Each structure stands twice: as C-alpha cells, then as structure tokens.
Amino acid sequence: QAADLHRQASTDALTGLANRHGFQLRLQGLFQGPGSSLQLFILDLDDFKPVNDRFGHESGDRVLVRAAERISRAVRDIDVVARLGGDEFAVICPGVDRDQAAEIARRISRAVARPVRIGGEPVKVGVSVGIAAAERPDERSRLLARADEALYRAKAEGKHRIAVAPALGDDPDR
C-alpha cells in the first residue's frame with residue numbers, strides 16, 4: 001500500500017509519466033555516483049492552447065497523451081520522461097553529450113509534429129525545447145533554471161525551436 005501511494009504521488013494521472021515530484025526524485029537519484037553527467041530537456045508544446053479552445057479539454061488531453069507517448073518513444077529506455085504540468089514536459093538523458101542531446105531533441109520534435117486526428121481532422125502541435133547539461137552533482141541546483149532559460153530563448157526565436165544553455169564554465173551568471 002505504501003508503494004502504491006508513492007507511485008500515485010510521483011505519477012501523472014493523465015499520461016502515466018512521472019509528474020513534477022517524480023521527476024525531482026529521479027533527477028536527484030541520477031546524481032549519486034561518479035560519471036553522472038546528464039542533459040536535461042524542458043519541452044513546451046507549441047500551438048496547444050488553440051486545440052483546447054477549438055476542440056475542448058478532452059481533445060486537448062488526447063493530444064497531451066499522444067505527445068507523451070511520442071516523446072517516450074523518441075528517447076532511449078534509460079531516459080526519464082515527465083510531465084511537469086499543463087503542456088510542459090521534461091526529459092533527463094544521462095550519459096549523452098551535446099551532439100547526442102541535439103539529435104534526441106530533433107527526434108522528439110519530429111515525433112511530436114506529426115498530426116493527431118481529432119474528430120477526423122488532422123491537428124498539429126509542435127514543441128520548443130530548452131536543453132542544459134550538468135557534469136557534476138553541484139551543478140544540479142541550477143540545471144532546471146538553465147534549461148528553462150534555454151526554453152524561453154527557443155520560444156523567443158519562434159515556435160518549434162531547440163536552444164541549448166551555455167556550459168556552466170561559459171555562463172557569465174555563474
């Protein structure tokens with residue numbers, strides 16, 4: 001029963017992915033040993049609000065579930081996919097470099113961009129992605145904020161963009 005409660009507390013009821021709490025737990029767990037570098041992606045669906053406005057929240061939920069499935073299939077089995085809330089998702093990719101992270105982000109973007117049929121009509125949403133890397137456990141505290149900053153930069157450049165946060169050694173705010 002305690003395991004069921006823990007699972008419910010860390011799982012998004014709509015998508016079955018980790019929720020924000022489950023995401024934080026997984027992120028902490030990945031930084032407990034040596035060689036625990038990782039890339040963190042924050043994803044925000046583009047053009048999602050018009051889906052809810054035009055087709056209703058039930059259809060919007062269907063789009064969210066489909067996006068969650070597509071994101072999950074676009075990443076590796078060891079990666080962690082979470083729904084942070086609304087139309088925002090996160091992916092934790094341990095042990096990948098910047099080039100590999102960019103390729104994973106492109107796969108996610110292509111997968112999410114495929115139309116979803118609602119009432120027989122093809123509906124398209126896209127995704128904007130912010131990516132930040134951490135090489136050491138002490139970098140984790142700013143990781144989410146840095147990925148968020150990269151996401152805002154991607155969205156400011158237009159929809160369906162991928163932006164990478166500068167390495168912490170290159171970050172003037174550090």
# chains A, B, ... in the order shown; residues from 1 in each chain; ligands from 1
>>> residues_around(residues="Leu30 in chain A", least_positions_apart="3", cutoff="12 Å", atoms="only C-alpha atoms", output="JSON, numbers by chain")
{"A": [23, 24, 25, 26, 27, 33, 34, 35, 36, 37, 38, 39, 40, 78, 79, 80, 92, 93, 94, 95, 134, 135, 136, 137, 140]}
>>> closest_atom_pairs(of="range 71-124 of chain A", to="range 148-159 of chain A", cutoff="12 Å", atoms="only C-alpha atoms", output="JSON lines")
{"residue": "A:Glu88", "atom": "CA", "partner": "A:Leu151", "partner_atom": "CA", "distance": 10.6}
{"residue": "A:Phe89", "atom": "CA", "partner": "A:Asp148", "partner_atom": "CA", "distance": 11.2}
{"residue": "A:Ala90", "atom": "CA", "partner": "A:Asp148", "partner_atom": "CA", "distance": 10.2}
{"residue": "A:Ser109", "atom": "CA", "partner": "A:Lys159", "partner_atom": "CA", "distance": 11.0}
{"residue": "A:Ala113", "atom": "CA", "partner": "A:Lys159", "partner_atom": "CA", "distance": 11.4}
>>> select_by_dssp(residues="range 9-168 of chain A", states="strand (DSSP E)", output="number ranges by chain")
A: 38-46, 80-85, 88-94, 116-118, 121-123, 126-134, 162-164
>>> write_last_selection(atoms="N, CA and C atoms", output="compact mmCIF listing (two decimals), in the first residue's frame")
# COMPACT_ATOMS: atom_id res chain seq x y z
N LEU A 38 24.62 14.51 -17.25
CA LEU A 38 23.33 14.35 -17.91
C LEU A 38 22.94 15.60 -18.66
N GLN A 39 21.98 15.44 -19.55
CA GLN A 39 21.36 16.55 -20.27
C GLN A 39 19.90 16.59 -19.82
N LEU A 40 19.42 17.78 -19.54
CA LEU A 40 18.03 17.97 -19.14
C LEU A 40 17.32 18.78 -20.21
N PHE A 41 16.20 18.25 -20.69
CA PHE A 41 15.38 18.93 -21.69
C PHE A 41 14.11 19.41 -21.00
N ILE A 42 13.72 20.64 -21.26
CA ILE A 42 12.40 21.13 -20.89
C ILE A 42 11.68 21.40 -22.20
N LEU A 43 10.49 20.83 -22.35
CA LEU A 43 9.73 20.92 -23.59
C LEU A 43 8.38 21.58 -23.32
N ASP A 44 7.98 22.43 -24.23
CA ASP A 44 6.69 23.08 -24.13
C ASP A 44 6.00 22.92 -25.48
N LEU A 45 4.77 22.41 -25.47
CA LEU A 45 4.05 22.22 -26.73
C LEU A 45 3.68 23.57 -27.33
N ASP A 46 3.94 23.72 -28.61
CA ASP A 46 3.54 24.92 -29.33
C ASP A 46 2.17 24.69 -29.96
N VAL A 80 14.52 9.48 -18.71
CA VAL A 80 13.34 9.71 -17.88
C VAL A 80 12.48 10.79 -18.53
N VAL A 81 11.21 10.48 -18.77
CA VAL A 81 10.28 11.45 -19.34
C VAL A 81 9.24 11.78 -18.27
N ALA A 82 8.96 13.07 -18.12
CA ALA A 82 8.00 13.51 -17.11
C ALA A 82 7.09 14.59 -17.70
N ARG A 83 5.89 14.65 -17.15
CA ARG A 83 5.01 15.77 -17.46
C ARG A 83 5.03 16.67 -16.24
N LEU A 84 5.55 17.88 -16.42
CA LEU A 84 5.70 18.79 -15.30
C LEU A 84 4.40 19.51 -14.97
N GLY A 85 3.49 19.55 -15.92
CA GLY A 85 2.20 20.21 -15.72
C GLY A 85 1.75 20.83 -17.02
N GLU A 88 3.76 21.12 -20.47
CA GLU A 88 5.21 21.15 -20.28
C GLU A 88 5.71 19.77 -19.85
N PHE A 89 6.74 19.33 -20.53
CA PHE A 89 7.35 18.03 -20.27
C PHE A 89 8.83 18.22 -19.98
N ALA A 90 9.45 17.19 -19.42
CA ALA A 90 10.89 17.20 -19.19
C ALA A 90 11.44 15.84 -19.56
N VAL A 91 12.69 15.82 -19.99
CA VAL A 91 13.39 14.58 -20.30
C VAL A 91 14.77 14.67 -19.67
N ILE A 92 15.16 13.63 -18.96
CA ILE A 92 16.50 13.53 -18.40
C ILE A 92 17.24 12.47 -19.20
N CYS A 93 18.37 12.85 -19.79
CA CYS A 93 19.17 11.93 -20.60
C CYS A 93 20.55 11.80 -19.98
N PRO A 94 20.77 10.75 -19.20
CA PRO A 94 22.09 10.56 -18.60
C PRO A 94 23.11 10.06 -19.63
N VAL A 116 -2.21 14.77 -35.11
CA VAL A 116 -3.10 13.93 -34.30
C VAL A 116 -4.50 14.15 -34.87
N ARG A 117 -5.25 13.08 -35.03
CA ARG A 117 -6.60 13.22 -35.59
C ARG A 117 -7.59 13.47 -34.45
N ILE A 118 -8.35 14.54 -34.59
CA ILE A 118 -9.41 14.87 -33.64
C ILE A 118 -10.68 15.06 -34.46
N GLU A 121 -10.21 15.22 -38.10
CA GLU A 121 -9.42 16.33 -38.63
C GLU A 121 -7.97 16.24 -38.11
N PRO A 122 -6.97 16.40 -39.00
CA PRO A 122 -5.59 16.38 -38.52
C PRO A 122 -5.25 17.69 -37.79
N VAL A 123 -4.74 17.56 -36.59
CA VAL A 123 -4.37 18.71 -35.77
C VAL A 123 -2.87 18.59 -35.47
N GLY A 126 3.48 21.51 -32.16
CA GLY A 126 4.92 21.34 -32.24
C GLY A 126 5.49 21.40 -30.84
N VAL A 127 6.79 21.50 -30.76
CA VAL A 127 7.43 21.56 -29.45
C VAL A 127 8.64 22.48 -29.52
N SER A 128 8.80 23.27 -28.48
CA SER A 128 10.01 24.06 -28.27
C SER A 128 10.78 23.37 -27.16
N VAL A 129 12.12 23.35 -27.29
CA VAL A 129 12.95 22.58 -26.36
C VAL A 129 14.10 23.45 -25.85
N GLY A 130 14.29 23.42 -24.54
CA GLY A 130 15.46 24.02 -23.91
C GLY A 130 16.29 22.91 -23.30
N ILE A 131 17.61 22.94 -23.53
CA ILE A 131 18.49 21.88 -23.05
C ILE A 131 19.59 22.49 -22.19
N ALA A 132 19.87 21.84 -21.06
CA ALA A 132 21.01 22.23 -20.22
C ALA A 132 21.74 20.97 -19.78
N ALA A 133 23.05 21.09 -19.63
CA ALA A 133 23.89 19.96 -19.23
C ALA A 133 24.44 20.18 -17.83
N ALA A 134 24.64 19.07 -17.13
CA ALA A 134 25.31 19.11 -15.83
C ALA A 134 26.34 17.98 -15.81
N ILE A 162 14.88 24.62 -30.88
CA ILE A 162 15.68 23.96 -29.85
C ILE A 162 16.79 24.93 -29.46
N ALA A 163 16.95 25.19 -28.18
CA ALA A 163 18.03 26.06 -27.70
C ALA A 163 18.79 25.33 -26.61
N VAL A 164 20.10 25.52 -26.61
CA VAL A 164 20.98 24.86 -25.64
C VAL A 164 21.57 25.93 -24.72
>>> closest_residue(among="A:Gln100, A:Arg106, A:Gly60, A:Val112", to="Ser72 in chain A", atoms="only C-alpha atoms")
A:Val112
>>> select_by_dssp(residues="range 18-170 of chain A", states="helix (DSSP H, G or I)", output="number ranges by chain")
A: 20-29, 49-55, 57-74, 98-113, 137-156, 168-170
>>> atom_distance(atom1="CA of Arg107 in chain A", atom2="CA of Pro50 in chain A")
24.0 Å
>>> closest_residue(among="A:Ala9, A:Ala74, A:Val63, A:Ala68", to="Pro115 in chain A", atoms="only C-alpha atoms")
A:Val63
